[in-house]
Structure formats: C-alpha cells, structure tokens
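The next block is protein.txt, given as compact mmCIF, C-alpha atoms.
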# COMPACT_ATOMS: atom_id res chain seq x y z
CA MET A 1 3.04 -16.85 -3.17
CA ARG A 2 5.52 -16.04 -0.43
CA ASP A 3 5.87 -15.27 3.23
CA ILE A 4 6.65 -11.75 4.42
CA LEU A 5 8.84 -11.81 7.51
CA PRO A 6 10.19 -9.15 9.89
CA PRO A 7 11.58 -6.56 9.35
CA GLU A 8 10.01 -6.35 5.87
CA SER A 9 6.54 -6.79 7.37
CA ALA A 10 7.10 -3.72 9.56
CA ARG A 11 8.22 -1.74 6.53
CA ARG A 12 5.06 -2.62 4.66
CA ARG A 13 2.95 -1.69 7.66
CA GLU A 14 4.65 1.71 7.79
CA LEU A 15 4.05 2.16 4.05
CA THR A 16 0.34 1.60 4.61
CA LYS A 17 0.40 4.04 7.52
CA GLN A 18 1.90 6.73 5.27
CA PHE A 19 -0.77 6.04 2.66
CA VAL A 20 -3.61 6.22 5.17
CA THR A 21 -2.32 9.58 6.41
CA GLN A 22 -2.64 11.06 2.92
CA CYS A 23 -6.09 9.54 2.42
CA GLU A 24 -7.49 10.83 5.68
CA LEU A 25 -6.15 14.32 4.99
CA ALA A 26 -8.37 14.29 1.89
CA GLY A 27 -11.47 12.92 3.63
CA TYR A 28 -11.29 9.26 2.53
CA HIS A 29 -12.41 6.45 4.85
CA GLU A 30 -11.49 2.76 4.89
CA VAL A 31 -13.54 0.09 3.15
CA VAL A 32 -12.73 -3.62 3.56
CA PRO A 33 -14.24 -5.79 0.80
CA PRO A 34 -14.10 -9.59 1.15
CA LEU A 35 -11.30 -11.68 -0.28
CA LEU A 36 -13.81 -13.93 -2.06
CA GLU A 37 -16.61 -12.74 -4.32
CA ASP A 38 -19.12 -14.31 -6.65
CA LEU A 39 -17.36 -14.83 -9.96
CA GLY A 40 -19.81 -12.53 -11.70
CA VAL A 41 -18.44 -9.53 -9.80
CA PHE A 42 -15.09 -9.85 -11.55
CA LEU A 43 -16.51 -10.85 -14.92
CA ARG A 44 -17.83 -7.31 -15.05
CA VAL A 45 -14.24 -6.07 -15.00
CA GLY A 46 -14.18 -7.19 -18.62
CA GLU A 47 -14.23 -10.70 -20.02
CA ALA A 48 -11.71 -9.70 -22.69
CA THR A 49 -9.00 -8.85 -20.17
CA ASP A 50 -6.14 -11.12 -19.13
CA VAL A 51 -7.11 -10.59 -15.49
CA VAL A 52 -10.38 -12.46 -16.12
CA THR A 53 -9.50 -14.86 -18.93
CA LYS A 54 -6.08 -16.05 -17.76
CA GLU A 55 -5.15 -14.92 -14.30
CA MET A 56 -8.14 -15.22 -11.97
CA TYR A 57 -8.30 -17.98 -9.37
CA ASP A 58 -11.90 -19.19 -9.58
CA PHE A 59 -13.52 -22.39 -8.35
CA VAL A 60 -16.79 -24.02 -7.37
CA ASP A 61 -17.63 -23.69 -3.69
CA LYS A 62 -19.12 -26.53 -1.61
CA ASP A 63 -22.61 -25.17 -2.24
CA GLN A 64 -21.86 -25.21 -6.01
CA THR A 65 -21.50 -21.43 -6.18
CA ARG A 66 -18.80 -20.25 -8.58
CA ILE A 67 -16.54 -17.87 -6.68
CA ALA A 68 -13.15 -16.23 -7.16
CA LEU A 69 -10.26 -14.85 -5.18
CA ARG A 70 -10.17 -11.16 -5.91
CA PRO A 71 -7.64 -10.25 -8.65
CA GLU A 72 -8.18 -6.53 -7.97
CA MET A 73 -10.28 -4.46 -5.58
CA THR A 74 -12.24 -1.88 -7.56
CA ALA A 75 -14.88 -4.40 -8.63
CA GLY A 76 -15.42 -5.54 -5.02
CA VAL A 77 -15.67 -1.96 -3.78
CA MET A 78 -18.21 -1.18 -6.48
CA ARG A 79 -20.21 -4.29 -5.61
CA ALA A 80 -20.24 -3.10 -1.98
CA PHE A 81 -21.48 0.31 -3.11
CA VAL A 82 -24.30 -1.20 -5.15
CA GLN A 83 -25.30 -3.48 -2.29
CA HIS A 84 -25.17 -0.95 0.57
CA ARG A 85 -25.96 2.31 -1.26
CA PRO A 86 -23.95 4.70 0.96
CA VAL A 87 -24.56 8.43 0.78
CA LEU A 88 -22.81 10.11 -2.13
CA PRO A 89 -20.15 11.26 -2.63
CA TRP A 90 -18.51 8.09 -1.31
CA LYS A 91 -14.75 8.48 -0.86
CA VAL A 92 -12.97 5.36 0.39
CA TRP A 93 -9.48 3.89 0.63
CA TYR A 94 -8.43 0.27 0.88
CA ALA A 95 -5.37 -1.87 1.50
CA GLY A 96 -5.35 -5.59 0.89
CA THR A 97 -4.09 -8.73 -0.78
CA ASN A 98 -5.08 -9.85 -4.27
CA PHE A 99 -4.35 -12.98 -6.29
CA ARG A 100 -3.54 -13.53 -9.96
CA HIS A 101 -2.20 -16.63 -11.65
CA GLU A 102 0.32 -14.80 -13.79
CA ARG A 103 3.98 -15.33 -14.61
CA PRO A 104 5.99 -14.30 -11.55
CA GLN A 105 8.69 -11.70 -12.19
CA LYS A 106 10.58 -9.07 -10.27
CA GLY A 107 8.14 -7.07 -8.22
CA ARG A 108 5.17 -9.12 -9.41
CA TYR A 109 3.85 -12.11 -7.48
CA ARG A 110 0.73 -14.26 -7.63
CA MET A 111 -0.16 -12.94 -4.19
CA PHE A 112 0.29 -9.18 -3.99
CA ASP A 113 -0.83 -6.20 -1.95
CA GLN A 114 -2.45 -3.07 -3.27
CA LEU A 115 -3.27 0.33 -1.83
CA GLY A 116 -6.01 2.31 -3.48
CA VAL A 117 -8.82 4.84 -3.36
CA GLU A 118 -12.22 5.12 -5.03
CA ALA A 119 -14.44 8.20 -5.18
CA LEU A 120 -18.01 7.70 -6.39
CA GLY A 121 -20.89 9.98 -7.24
CA VAL A 122 -19.15 13.06 -8.65
CA ASP A 123 -18.78 13.98 -12.32
CA ASP A 124 -16.13 16.65 -11.87
CA ALA A 125 -12.68 16.75 -13.43
CA ASP A 126 -11.39 18.35 -10.24
CA LEU A 127 -12.01 15.04 -8.45
CA ASP A 128 -9.70 13.36 -10.98
CA VAL A 129 -7.12 15.99 -10.05
CA GLU A 130 -7.60 15.31 -6.33
CA ILE A 131 -7.16 11.57 -6.83
CA ILE A 132 -3.99 11.96 -8.88
CA SER A 133 -2.45 14.55 -6.56
CA LEU A 134 -3.17 12.31 -3.55
CA ALA A 135 -1.06 9.55 -5.10
CA SER A 136 1.67 12.03 -5.98
CA ARG A 137 1.81 13.31 -2.39
CA PHE A 138 2.04 9.74 -1.12
CA PHE A 139 5.04 8.97 -3.33
CA ALA A 140 6.68 12.21 -2.22
CA SER A 141 6.08 11.32 1.44
CA LEU A 142 8.15 8.17 0.90
CA GLY A 143 11.01 10.23 -0.50
CA LEU A 144 10.50 9.07 -4.10
CA ARG A 145 11.61 11.67 -6.63
CA GLN A 146 11.97 9.68 -9.85
CA VAL A 147 8.29 9.01 -10.49
CA THR A 148 6.66 10.03 -13.77
CA LEU A 149 2.92 10.52 -14.14
CA LEU A 150 1.62 9.40 -17.54
CA ILE A 151 -1.88 10.55 -18.45
CA ASN A 152 -4.39 10.18 -21.27
CA SER A 153 -8.12 10.26 -21.95
CA LEU A 154 -10.08 7.37 -23.45
CA GLY A 155 -13.19 9.47 -23.90
CA GLU A 156 -16.78 8.43 -23.26
CA HIS A 157 -18.08 4.94 -23.97
CA GLU A 158 -18.94 5.83 -27.55
CA ASP A 159 -15.55 7.49 -28.07
CA ARG A 160 -13.76 4.42 -26.77
CA GLU A 161 -15.82 2.08 -28.94
CA GLN A 162 -14.99 4.06 -32.07
CA TYR A 163 -11.33 4.23 -31.13
CA THR A 164 -11.20 0.52 -30.32
CA GLU A 165 -12.64 -0.33 -33.71
CA ALA A 166 -10.15 1.96 -35.46
CA VAL A 167 -7.27 0.32 -33.61
CA ARG A 168 -8.63 -3.15 -34.37
CA LEU A 169 -8.83 -2.50 -38.10
CA TYR A 170 -5.36 -0.93 -38.13
CA LEU A 171 -3.78 -3.83 -36.24
CA LEU A 172 -5.54 -6.42 -38.38
CA ALA A 173 -3.85 -4.84 -41.39
CA HIS A 174 -0.49 -5.47 -39.65
CA GLN A 175 -1.50 -8.64 -37.82
CA TYR A 176 1.31 -10.85 -39.04
CA GLU A 177 3.94 -8.27 -38.26
CA LEU A 178 2.98 -8.35 -34.58
CA SER A 179 4.50 -10.67 -32.00
CA GLU A 180 2.64 -13.92 -31.38
CA ALA A 181 1.55 -12.70 -27.97
CA SER A 182 0.11 -9.49 -29.42
CA GLN A 183 -1.68 -11.42 -32.15
CA ALA A 184 -3.44 -13.41 -29.44
CA THR A 185 -4.22 -10.23 -27.50
CA LEU A 186 -5.65 -8.62 -30.64
CA GLU A 187 -8.39 -11.25 -30.80
CA ARG A 188 -9.52 -10.49 -27.24
CA ASN A 189 -8.83 -6.80 -26.72
CA PRO A 190 -7.19 -4.63 -29.41
CA LEU A 191 -6.38 -1.79 -27.01
CA ARG A 192 -4.25 -4.09 -24.86
CA VAL A 193 -1.84 -4.50 -27.80
CA LEU A 194 -0.90 -0.85 -27.31
CA ASP A 195 0.58 -1.81 -23.91
CA SER A 196 3.08 -4.21 -25.50
CA LYS A 197 6.74 -3.51 -24.71
CA ARG A 198 8.02 -6.07 -27.24
CA GLU A 199 10.52 -4.80 -29.76
CA GLU A 200 8.73 -6.27 -32.79
CA ASP A 201 5.53 -4.42 -31.85
CA ARG A 202 7.09 -1.04 -31.17
CA GLN A 203 6.90 0.57 -34.63
CA ILE A 204 3.44 -0.76 -35.37
CA ILE A 205 2.15 0.69 -32.10
CA ALA A 206 3.88 4.00 -32.79
CA ASP A 207 1.90 4.39 -36.02
CA ALA A 208 -1.47 3.34 -34.58
CA PRO A 209 -4.43 5.75 -34.46
CA LEU A 210 -4.51 8.23 -31.58
CA VAL A 211 -7.43 8.34 -29.17
CA ALA A 212 -7.33 12.15 -29.20
CA ASP A 213 -8.73 12.04 -32.73
CA TYR A 214 -11.86 10.28 -31.46
CA LEU A 215 -12.69 12.35 -28.37
CA SER A 216 -16.04 14.11 -28.18
CA GLU A 217 -16.13 17.79 -27.25
CA ASP A 218 -17.25 16.96 -23.69
CA SER A 219 -14.46 14.42 -23.27
CA ALA A 220 -11.87 16.85 -24.58
CA ASP A 221 -13.12 19.57 -22.20
CA HIS A 222 -12.98 17.18 -19.24
CA TYR A 223 -9.42 16.18 -20.11
CA ALA A 224 -8.34 19.79 -20.52
CA ARG A 225 -9.76 20.61 -17.08
CA VAL A 226 -7.79 17.74 -15.53
CA LEU A 227 -4.54 18.91 -17.09
CA SER A 228 -5.08 22.52 -16.06
CA GLY A 229 -5.83 21.39 -12.49
CA LEU A 230 -2.62 19.39 -12.32
CA ASP A 231 -0.73 22.41 -13.67
CA SER A 232 -2.28 24.61 -10.99
CA LEU A 233 -1.24 22.19 -8.21
CA GLY A 234 2.27 21.79 -9.58
CA VAL A 235 1.84 18.08 -10.35
CA SER A 236 4.14 17.23 -13.25
CA TYR A 237 2.86 14.86 -15.93
CA THR A 238 3.59 13.51 -19.39
CA GLU A 239 0.76 13.00 -21.87
CA ASP A 240 0.87 9.49 -23.32
CA PRO A 241 -1.60 9.00 -26.20
CA ARG A 242 -0.97 5.20 -26.12
CA LEU A 243 -1.90 4.77 -22.47
CA VAL A 244 -5.04 2.61 -22.24
CA ARG A 245 -4.70 0.62 -18.96
CA GLY A 246 -5.62 -3.05 -18.73
CA LEU A 247 -9.23 -3.14 -17.55
CA ASP A 248 -12.29 -2.59 -19.73
CA TYR A 249 -14.17 -0.33 -17.35
CA TYR A 250 -11.98 2.77 -17.78
CA ARG A 251 -13.49 5.88 -19.40
CA ARG A 252 -12.15 9.40 -19.93
CA THR A 253 -9.17 10.06 -17.61
CA THR A 254 -6.63 7.25 -17.38
CA PHE A 255 -3.22 7.53 -15.76
CA GLU A 256 -0.22 5.55 -14.64
CA PHE A 257 2.78 6.18 -12.39
CA ALA A 258 6.16 4.91 -13.59
CA ALA A 259 9.25 4.63 -11.39
CA GLU A 260 12.16 5.74 -13.56
CA ALA A 261 14.67 4.11 -11.20
CA LEU A 262 13.34 0.67 -12.22
CA ASP A 263 13.75 -1.20 -15.49
CA SER A 264 11.47 0.43 -18.05
CA ALA A 265 9.69 -2.83 -18.89
CA GLN A 266 8.57 -3.32 -15.28
CA ASN A 267 8.40 0.17 -13.82
CA ALA A 268 4.65 0.72 -13.38
CA ILE A 269 3.96 1.25 -9.67
CA GLY A 270 0.28 2.14 -9.92
CA GLY A 271 -2.42 3.72 -11.96
CA GLY A 272 -6.11 4.29 -12.40
CA GLY A 273 -8.73 6.47 -13.97
CA ARG A 274 -12.44 7.05 -14.40
CA TYR A 275 -14.84 4.13 -14.67
CA ASP A 276 -18.23 5.81 -15.15
CA GLY A 277 -20.65 3.00 -15.97
CA LEU A 278 -19.19 0.27 -13.77
CA ALA A 279 -21.93 0.66 -11.16
CA GLU A 280 -24.54 0.04 -13.85
CA ALA A 281 -22.70 -3.09 -14.95
CA MET A 282 -22.97 -4.28 -11.34
CA GLY A 283 -26.75 -3.77 -11.38
CA GLY A 284 -26.72 -0.40 -9.62
CA PRO A 285 -27.72 3.12 -10.63
CA ALA A 286 -25.62 5.17 -13.02
CA THR A 287 -22.79 6.46 -10.84
CA ASP A 288 -19.63 8.31 -11.76
CA GLY A 289 -16.40 6.96 -10.30
CA VAL A 290 -12.67 7.51 -10.30
CA GLY A 291 -9.83 5.85 -8.43
CA PHE A 292 -6.43 4.21 -8.50
CA ALA A 293 -4.56 1.16 -7.24
CA LEU A 294 -0.87 1.10 -6.30
CA GLY A 295 1.36 -1.98 -6.14
CA VAL A 296 3.15 -2.30 -2.80
CA ASP A 297 5.95 -4.58 -4.07
CA ARG A 298 6.89 -2.31 -6.97
CA ILE A 299 6.75 0.79 -4.76
CA LEU A 300 9.21 -0.78 -2.32
CA LEU A 301 11.51 -1.79 -5.18
CA ALA A 302 11.42 1.83 -6.37
CA CYS A 303 12.26 3.00 -2.85
CA ASP A 304 15.22 0.61 -2.75
CA ALA A 305 16.42 1.83 -6.14
CA GLU A 306 16.33 5.46 -4.95
CA GLY A 307 17.72 4.62 -1.51
CA VAL A 308 14.70 5.97 0.40
CA PHE A 309 12.18 4.62 2.91
CA ALA A 310 14.67 2.13 4.32
CA THR A 311 13.66 -0.63 6.70
CA GLU A 312 14.20 0.59 10.22
CA PRO A 313 14.29 -2.07 12.95
CA THR A 314 11.76 -1.59 15.71
CA MET A 315 13.70 -0.63 18.82
CA LEU A 316 13.02 -2.53 22.02
CA ASN A 317 13.33 -0.25 25.01
CA VAL A 318 14.11 -2.68 27.82
CA PHE A 319 15.28 -6.28 28.08
CA VAL A 320 14.75 -7.69 31.58
CA ILE A 321 17.36 -10.11 32.97
CA ASP A 322 16.29 -12.08 36.04
CA THR A 323 18.86 -14.48 37.50
CA VAL A 324 16.76 -15.38 40.55
CA SER A 325 13.40 -17.00 39.88
CA GLY A 326 11.89 -15.27 36.86
CA ASP A 327 9.12 -13.75 38.96
CA ALA A 328 10.55 -10.26 38.77
CA ALA A 329 11.08 -10.52 34.99
CA ARG A 330 7.49 -11.66 34.54
CA ASP A 331 6.03 -8.86 36.64
CA ILE A 332 8.27 -6.02 35.48
CA THR A 333 7.86 -6.73 31.76
CA HIS A 334 4.09 -6.76 32.27
CA GLN A 335 4.14 -3.45 34.15
CA LEU A 336 6.49 -1.76 31.67
CA ARG A 337 4.26 -2.75 28.76
CA ALA A 338 1.19 -1.48 30.63
CA ALA A 339 2.99 1.86 30.89
CA GLY A 340 3.62 1.88 27.14
CA ILE A 341 7.29 0.85 27.31
CA SER A 342 8.32 -2.01 25.03
CA ALA A 343 9.96 -4.77 27.06
CA ASP A 344 11.03 -8.38 26.60
CA ARG A 345 12.79 -11.10 28.60
CA ARG A 346 14.34 -14.50 28.18
CA PHE A 347 12.01 -17.34 29.09
CA GLY A 348 13.27 -20.49 30.74
CA GLY A 349 15.87 -18.75 32.87
CA GLY A 350 19.57 -19.18 32.24
CA SER A 351 22.82 -17.79 33.47
CA MET A 352 23.65 -14.11 33.59
CA LYS A 353 25.95 -14.59 30.57
CA SER A 354 23.33 -16.33 28.44
CA GLN A 355 20.66 -13.76 29.31
CA MET A 356 23.02 -10.90 28.45
CA LYS A 357 23.60 -12.51 25.05
CA SER A 358 19.83 -12.53 24.55
CA ALA A 359 19.71 -8.87 25.55
CA ASP A 360 22.45 -8.04 23.02
CA ARG A 361 20.60 -9.85 20.24
CA SER A 362 17.35 -8.07 21.09
CA GLY A 363 18.81 -4.66 20.25
CA ALA A 364 17.28 -3.22 23.42
CA ARG A 365 18.31 0.21 24.56
CA PHE A 366 18.54 -0.82 28.22
CA ALA A 367 19.16 -4.07 30.06
CA LEU A 368 17.34 -4.23 33.37
CA ILE A 369 19.07 -6.71 35.71
CA ILE A 370 17.62 -8.38 38.81
CA GLY A 371 19.97 -10.56 40.84
CA GLU A 372 19.93 -11.64 44.47
CA ASP A 373 21.30 -8.30 45.67
CA GLU A 374 18.82 -6.26 43.64
CA LEU A 375 15.91 -8.43 44.75
CA ALA A 376 16.83 -8.06 48.41
CA ALA A 377 17.13 -4.28 48.10
CA ASP A 378 13.98 -3.95 45.96
CA GLU A 379 16.13 -2.40 43.24
CA VAL A 380 17.18 -3.09 39.66
CA THR A 381 20.40 -2.45 37.77
CA LEU A 382 19.83 -0.36 34.68
CA ARG A 383 22.53 -0.88 32.05
CA PRO A 384 22.59 1.19 28.81
CA MET A 385 23.24 -1.12 25.86
CA LEU A 386 23.76 1.13 22.86
CA GLY A 387 26.61 3.36 24.03
CA ASN A 388 24.56 6.55 23.88
CA LYS A 389 25.98 9.14 26.28
CA ALA A 390 22.47 10.45 26.85
CA ASP A 391 21.55 7.09 28.42
CA GLY A 392 24.02 7.61 31.26
CA GLU A 393 26.09 4.96 33.03
CA GLN A 394 25.09 1.67 34.62
CA ARG A 395 23.35 2.39 37.91
CA ARG A 396 21.12 0.91 40.59
CA VAL A 397 17.56 2.20 40.67
CA ALA A 398 14.78 1.57 43.17
CA ARG A 399 11.95 -0.37 41.54
CA ALA A 400 9.52 2.29 42.73
CA ASP A 401 11.50 4.92 40.75
CA LEU A 402 12.09 2.91 37.58
CA LEU A 403 9.45 4.55 35.39
CA SER A 404 10.51 8.06 36.26
CA GLU A 405 14.17 7.06 35.73
CA LEU A 406 13.43 5.71 32.27
CA SER A 407 11.51 8.85 31.39
CA ARG A 408 14.60 10.95 32.20
CA TYR A 409 16.52 9.17 29.45
CA SER A 410 13.67 8.83 27.01
CA SER A 411 14.79 11.49 24.45
CA GLN A 412 13.29 10.74 21.04
CA THR A 413 13.23 6.99 20.73
CA VAL A 414 11.82 5.97 24.07
CA THR A 415 9.44 8.93 24.28
CA ASN A 416 7.79 7.97 21.01
CA GLN A 417 7.46 4.34 22.01
CA ILE A 418 6.57 4.86 25.67
CA ASN A 419 3.78 7.33 25.04
CA PRO A 420 2.75 7.60 21.39
CA HIS A 421 -0.81 8.68 22.29
CA PRO A 422 -0.66 10.46 25.64
CA ALA A 423 -4.30 11.50 25.49
CA ASP A 424 -5.46 7.88 25.23
CA SER A 425 -4.76 6.90 28.81
CA ALA A 426 -3.18 8.32 31.93
CA SER A 427 -1.41 5.00 32.46
CA ALA A 428 0.36 5.40 29.12
CA ASP A 429 2.42 8.29 30.49
CA PRO A 430 5.37 7.02 32.56
CA THR A 431 5.62 10.35 34.33
CA ASN A 432 2.00 10.16 35.43
CA SER A 433 2.66 7.54 38.10
CA GLY A 434 6.40 7.55 38.63
CA THR A 435 6.30 4.18 40.38
CA LEU A 436 6.67 0.53 39.45
CA THR A 437 5.76 -1.97 42.14
This entry written out as structure tokens:
Amino acid sequence: MRDILPPESARRRELTKQFVTQCELAGYHEVVPPLLEDLGVFLRVGEATDVVTKEMYDFVDKDQTRIALRPEMTAGVMRAFVQHRPVLPWKVWYAGTNFRHERPQKGRYRMFDQLGVEALGVDDADLDVEIISLASRFFASLGLRQVTLLINSLGEHEDREQYTEAVRLYLLAHQYELSEASQATLERNPLRVLDSKREEDRQIIADAPLVADYLSEDSADHYARVLSGLDSLGVSYTEDPRLVRGLDYYRRTTFEFAAEALDSAQNAIGGGGRYDGLAEAMGGPATDGVGFALGVDRILLACDAEGVFATEPTMLNVFVIDTVSGDAARDITHQLRAAGISADRRFGGGSMKSQMKSADRSGARFALIIGEDELAADEVTLRPMLGNKADGEQRRVARADLLSELSRYSSQTVTNQINPHPADSASADPTNSGTLT
C-alpha cells in the first residue's frame, strides 16, 4: 500500500482522462462497482487461481457475512450485470482500485489501480477487434510506441478442458524437472505453469502441447476473424500459442500487451479476452462477454522508460499578495476562481518579501499585489512571474479592468484554465463581464 501525492496524482488523473476519451469515442459508458463484494462473487473467478487462493483479502463482516476486497473488477461488473439486467449490448468502462496480497515488486503493489472495459451480449469476433484496438489507440495516445500485442485463442469450454488435460498429463511426465513454484501451480492449475518465466521451466514449456491443436472449427474461425480484423485496422500483433492468462473464465480470444521498454519478466501492462459463460457462473443468463484490464502503475513505468507522458505541473494563474488587511486577497481570489481563473494567496498575512517568496514557490504566472497605494486607488499591481514576453511588464491595473486585462495575456495556458468549457456558464468567460469588483 502507498500514498500517491502531487504531482503524480495529477498525472494519473490525466491518464484516466485519456482513457475515458477513447472509451467514449467507441460508445462505452462508466460503471462503478463496489470495493467490497460477497466472497462468492470472486470465487467464481476460479478457485484454482492465485488471485483467489493466495492473494485475495477476505474477512468476516460484523453481520458474519464473508466478504472480500475486490482483487479485480470483471467479476464485480458481471455481478452488477446479472443483478440489474441492463439492455444488451452493454458496453462499459471502469477505473478503480483493487487489492491483492501478493509479493510487491516494481510496478506491482498490493493496492493498485486498473482501467478497463467490458462488452456484454454480443458473440461477434469484430467486438474482440474493437476492444483490442481501443486499448491500442489508448497506448498510442500516451505516446507509447514500444508496446507488443500478444494474442491467442483458448477455444470453447470443451476445447479448453481437453487442452488443459493434455497439458496436465504432459507436465506430470516432467513434474520433477519443473521449478518448485511450478510444481505447486501444476496441482492447482496446469495452464498457469505456461506463464512461468523461470529459467528451469523454459524448455519444458517450449515443448508443451499447443492449444491450436485442440481448437474446434468454430473456435478456429472466430480466431481467424479476429486476426483478419486486426490486420484490416493496422493493429500489429504477435501470435503466442503459450498465452493463457491467469483467470479461469477466459474462453476463445485471449490477449496481452507487453511494454518492450520494461524488463521482460515484468513488462505486462494489461490484457484480457473473452469470458463467455461467466454470467452463467454468476447465476445469470448465458451472455457473451469480452473485455480487458490495464495496470496503471506499469503503464506509467512504460511511459517513463520511453520518455513520454511526462508529469506536467498544474500552472496557477494568479497569486494574490495583500500587504494591507487580507480582505482584498480574500475577495479577489474568490472572484477570480468564480471566473474560472486559478488563484491562490498566502493566509495569515506577512511581509511583502515573505508573500513574494510564497508567490515564487507557487509557480504562478502572475503576482497580483495590493498595498496601501493600490487599495486607495482601487487598483492592483500585476507582475508577470515567469519572464514570458507575452505577459508584458509590471503595471498598475484598475480592479474593474482586471479580468479583461488578464484575458489579453491569456494565450494558451491561461485561456485553457480560465475557460475550459465556455458553453457551461457565461460567468466562466472572463471577457463576458470585463469587471472585477
């Protein structure tokens, strides 16, 4: 667990904003499942997975109900679908915090944020293509270029069962050649052994059966349609016959995004696939579904490694310095904010020198000074702080003309912050009134 402080918190907020933009362009709407669910919701993820057997935070509530902090969000979204029965197709996005009691490592914490989408009610390979391309566009919007899409098909339920049994028998024949960790995984979930990155497991995994040999004709056709759709949209991919993903509910299409700029052992930044049948496991009607989840921490590490999507400090437009009584600072900051202009002040008064130091530390574009002379003349002194020639020189401005004066020097930064949504309100436009009283 850890705290997320400014400016990193602002960077994460902007990341979510970029993600939401891509989702809304494709017709997805937000869903907000609860942080706590009945334990049974997550047991349906698959009782043979590490997420359920080792990593989930579960406990008995005060009313003796067994509940859990969500370790992932697909199960909660599916529970919400079963409970509320929205009109199909149901296309939703989410952003939220999850919890897993796993070994912390770089880019992986016990409290972590995910971004994701789920699309329910459509059995169409083109929806798989839409989901995958949405994630690809999101990564591109961040400036990421070294991201590889790995893709595979696990087939229908029967295909997967046959393949799982073939893998189990093969691995049992090589059980004592596997690492101790993989031997333990083999007992719970043979397919998870194929995810091992341990050196001693590498050759055994390389010689394991391939899922392609167990696909039904329908599954093979579905997979071929997905690949042709990605080709048509120009989405590059690499077929990975060992890709199985970690949760038991996946069927047919499964995919993962790897950031090549990160260490290969910890470079997965998201993934997903089809989970037809999960709604039935939740007690609902048979419903097709496909989606993905992306890890915010790993994505930001990938951005750092590629030198993109840097943290940009939020610029304060005006810092108000009041050396008289503080009344003017109180009133002017309130009125600037009401006009959509970011403004701050130093509380508790202080000398001109100490308040100027606070203004310097704030990073404000302008210092707005009120002393005895300015107060008597009903004026302010406007002092540019960043050395931009476009901001002009220090000058005295009548308080009634302050908003129009600031708008003259708005250019890009102040314009965007003064009036980001001009249609929302007439008062948000500093040129609408032109006065500050």
Range 289-391 of chain A residues near range 2-15 of chain A within 10 Å, closest pair each, using only C-alpha atoms, as a tab-separated table:
residue	atom	partner	partner_atom	distance
A:Val296	CA	A:Arg12	CA	7.7
A:Asp297	CA	A:Arg12	CA	9.0
A:Ile299	CA	A:Leu15	CA	9.3
A:Leu300	CA	A:Arg12	CA	8.3
A:Phe309	CA	A:Arg11	CA	8.3
A:Ala310	CA	A:Arg11	CA	7.8
A:Thr311	CA	A:Arg11	CA	5.6
A:Glu312	CA	A:Arg11	CA	7.4
A:Pro313	CA	A:Pro7	CA	6.4
A:Thr314	CA	A:Ala10	CA	8.0
Residue nearest Ser141 in chain A - candidates A:Tyr163, A:Phe319, A:Phe19, A:Phe81, atoms counted: only C-alpha atoms =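 Smallest distance to Ser141 in chain A is found for A:Phe19.
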Neighbour residues at most 9 Å from (-15.5, 3.0, -13.5) (only C-alpha atoms) as a PyMOL selection string | chain A and resi 74-75+78+120+248-251+273-279+287-291
Considering all atoms listed in the file, tabulate each residue of range 215-330 of chain A that lies at most 12 Å from range 378-402 of chain A along with its nearest interatomic pair and the corresponding distance in Å to one decimal; arrange the rows by chain and ascending residue number and present them as a tab-separated table.
residue	atom	partner	partner_atom	distance
A:Met315	CA	A:Leu386	CA	11.0
A:Leu316	CA	A:Met385	CA	11.0
A:Asn317	CA	A:Met385	CA	10.0
A:Val318	CA	A:Leu382	CA	9.2
A:Phe319	CA	A:Met385	CA	9.7
A:Val320	CA	A:Leu382	CA	9.4
A:Ile321	CA	A:Thr381	CA	9.5
A:Asp322	CA	A:Val380	CA	9.7
A:Thr323	CA	A:Val380	CA	11.7
A:Ala328	CA	A:Val380	CA	9.8
A:Ala329	CA	A:Val380	CA	10.7
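Here CA of Ile205 in chain A is placed at a distance of 15.4 Å from CA of Ala184 in chain A.
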CA of Arg110 in chain A to CA of Pro71 in chain A, straight-line distance in Å =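 Computed distance, CA of Pro71 in chain A to CA of Arg110 in chain A, equals 9.3 Å.
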Please, what distance in Å, to one decimal, runs between CA of Arg66 in chain A and CA of Pro34 in chain A?
-> 15.2 Å
Would you please work out which residue, of A:Met111, A:Ala119, A:Leu127, A:Leu215, is nearest to Glu161 in chain A when using all atoms listed in the file?
->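 Closest residue, counting all atoms listed in the file: A:Leu215.
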Which residue of A:Ser264, A:Thr97, A:Thr65, A:Ser133 approaches Ser232 in chain A most closely, using all atoms listed in the file =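 Looking at the shortest contact to Ser232 in chain A, the residue is A:Ser133.
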Taking into account only C-alpha atoms, which residue in the set A:Pro190, A:Gly270, A:Gly27, A:Pro86 is nearest to Ile132 in chain A?
->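 Selected residue with least distance to Ile132 in chain A: A:Gly270.
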Looking at all atoms listed in the file, which of A:Lys357, A:Arg337, A:Arg298, A:Arg365 is the one that sits closest to Glu260 in chain A?
->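 Smallest separation from Glu260 in chain A among the options: A:Arg298.
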When you get a chance, write out N, CA and C atoms for range 346-357 of chain A, as an mmCIF file, keeping the file's coordinate frame.
data_model
loop_
_atom_site.group_PDB
_atom_site.id
_atom_site.type_symbol
_atom_site.label_atom_id
_atom_site.label_comp_id
_atom_site.auth_asym_id
_atom_site.auth_seq_id
_atom_site.Cartn_x
_atom_site.Cartn_y
_atom_site.Cartn_z
ATOM 1 N N ARG A 346 14.040 -13.153 28.615
ATOM 2 C CA ARG A 346 14.340 -14.500 28.180
ATOM 3 C C ARG A 346 13.535 -15.473 29.025
ATOM 4 N N PHE A 347 12.795 -16.347 28.362
ATOM 5 C CA PHE A 347 12.010 -17.340 29.090
ATOM 6 C C PHE A 347 12.863 -18.586 29.341
ATOM 7 N N GLY A 348 12.543 -19.271 30.419
ATOM 8 C CA GLY A 348 13.270 -20.490 30.740
ATOM 9 C C GLY A 348 14.515 -20.260 31.556
ATOM 10 N N GLY A 349 14.721 -19.025 32.020
ATOM 11 C CA GLY A 349 15.870 -18.750 32.870
ATOM 12 C C GLY A 349 17.181 -18.779 32.119
ATOM 13 N N GLY A 350 18.232 -19.152 32.828
ATOM 14 C CA GLY A 350 19.570 -19.180 32.240
ATOM 15 C C GLY A 350 20.524 -18.352 33.055
ATOM 16 N N SER A 351 21.792 -18.521 32.745
ATOM 17 C CA SER A 351 22.820 -17.790 33.470
ATOM 18 C C SER A 351 22.799 -16.315 33.100
ATOM 19 N N MET A 352 23.515 -15.535 33.891
ATOM 20 C CA MET A 352 23.650 -14.110 33.590
ATOM 21 C C MET A 352 24.250 -13.922 32.198
ATOM 22 N N LYS A 353 25.271 -14.712 31.869
ATOM 23 C CA LYS A 353 25.950 -14.590 30.570
ATOM 24 C C LYS A 353 24.990 -14.876 29.424
ATOM 25 N N SER A 354 24.236 -15.962 29.539
ATOM 26 C CA SER A 354 23.330 -16.330 28.440
ATOM 27 C C SER A 354 22.209 -15.312 28.291
ATOM 28 N N GLN A 355 21.716 -14.764 29.405
ATOM 29 C CA GLN A 355 20.660 -13.760 29.310
ATOM 30 C C GLN A 355 21.188 -12.444 28.740
ATOM 31 N N MET A 356 22.435 -12.107 29.038
ATOM 32 C CA MET A 356 23.020 -10.900 28.450
ATOM 33 C C MET A 356 23.185 -11.059 26.944
ATOM 34 N N LYS A 357 23.516 -12.278 26.494
ATOM 35 C CA LYS A 357 23.600 -12.510 25.050
ATOM 36 C C LYS A 357 22.243 -12.287 24.403
#
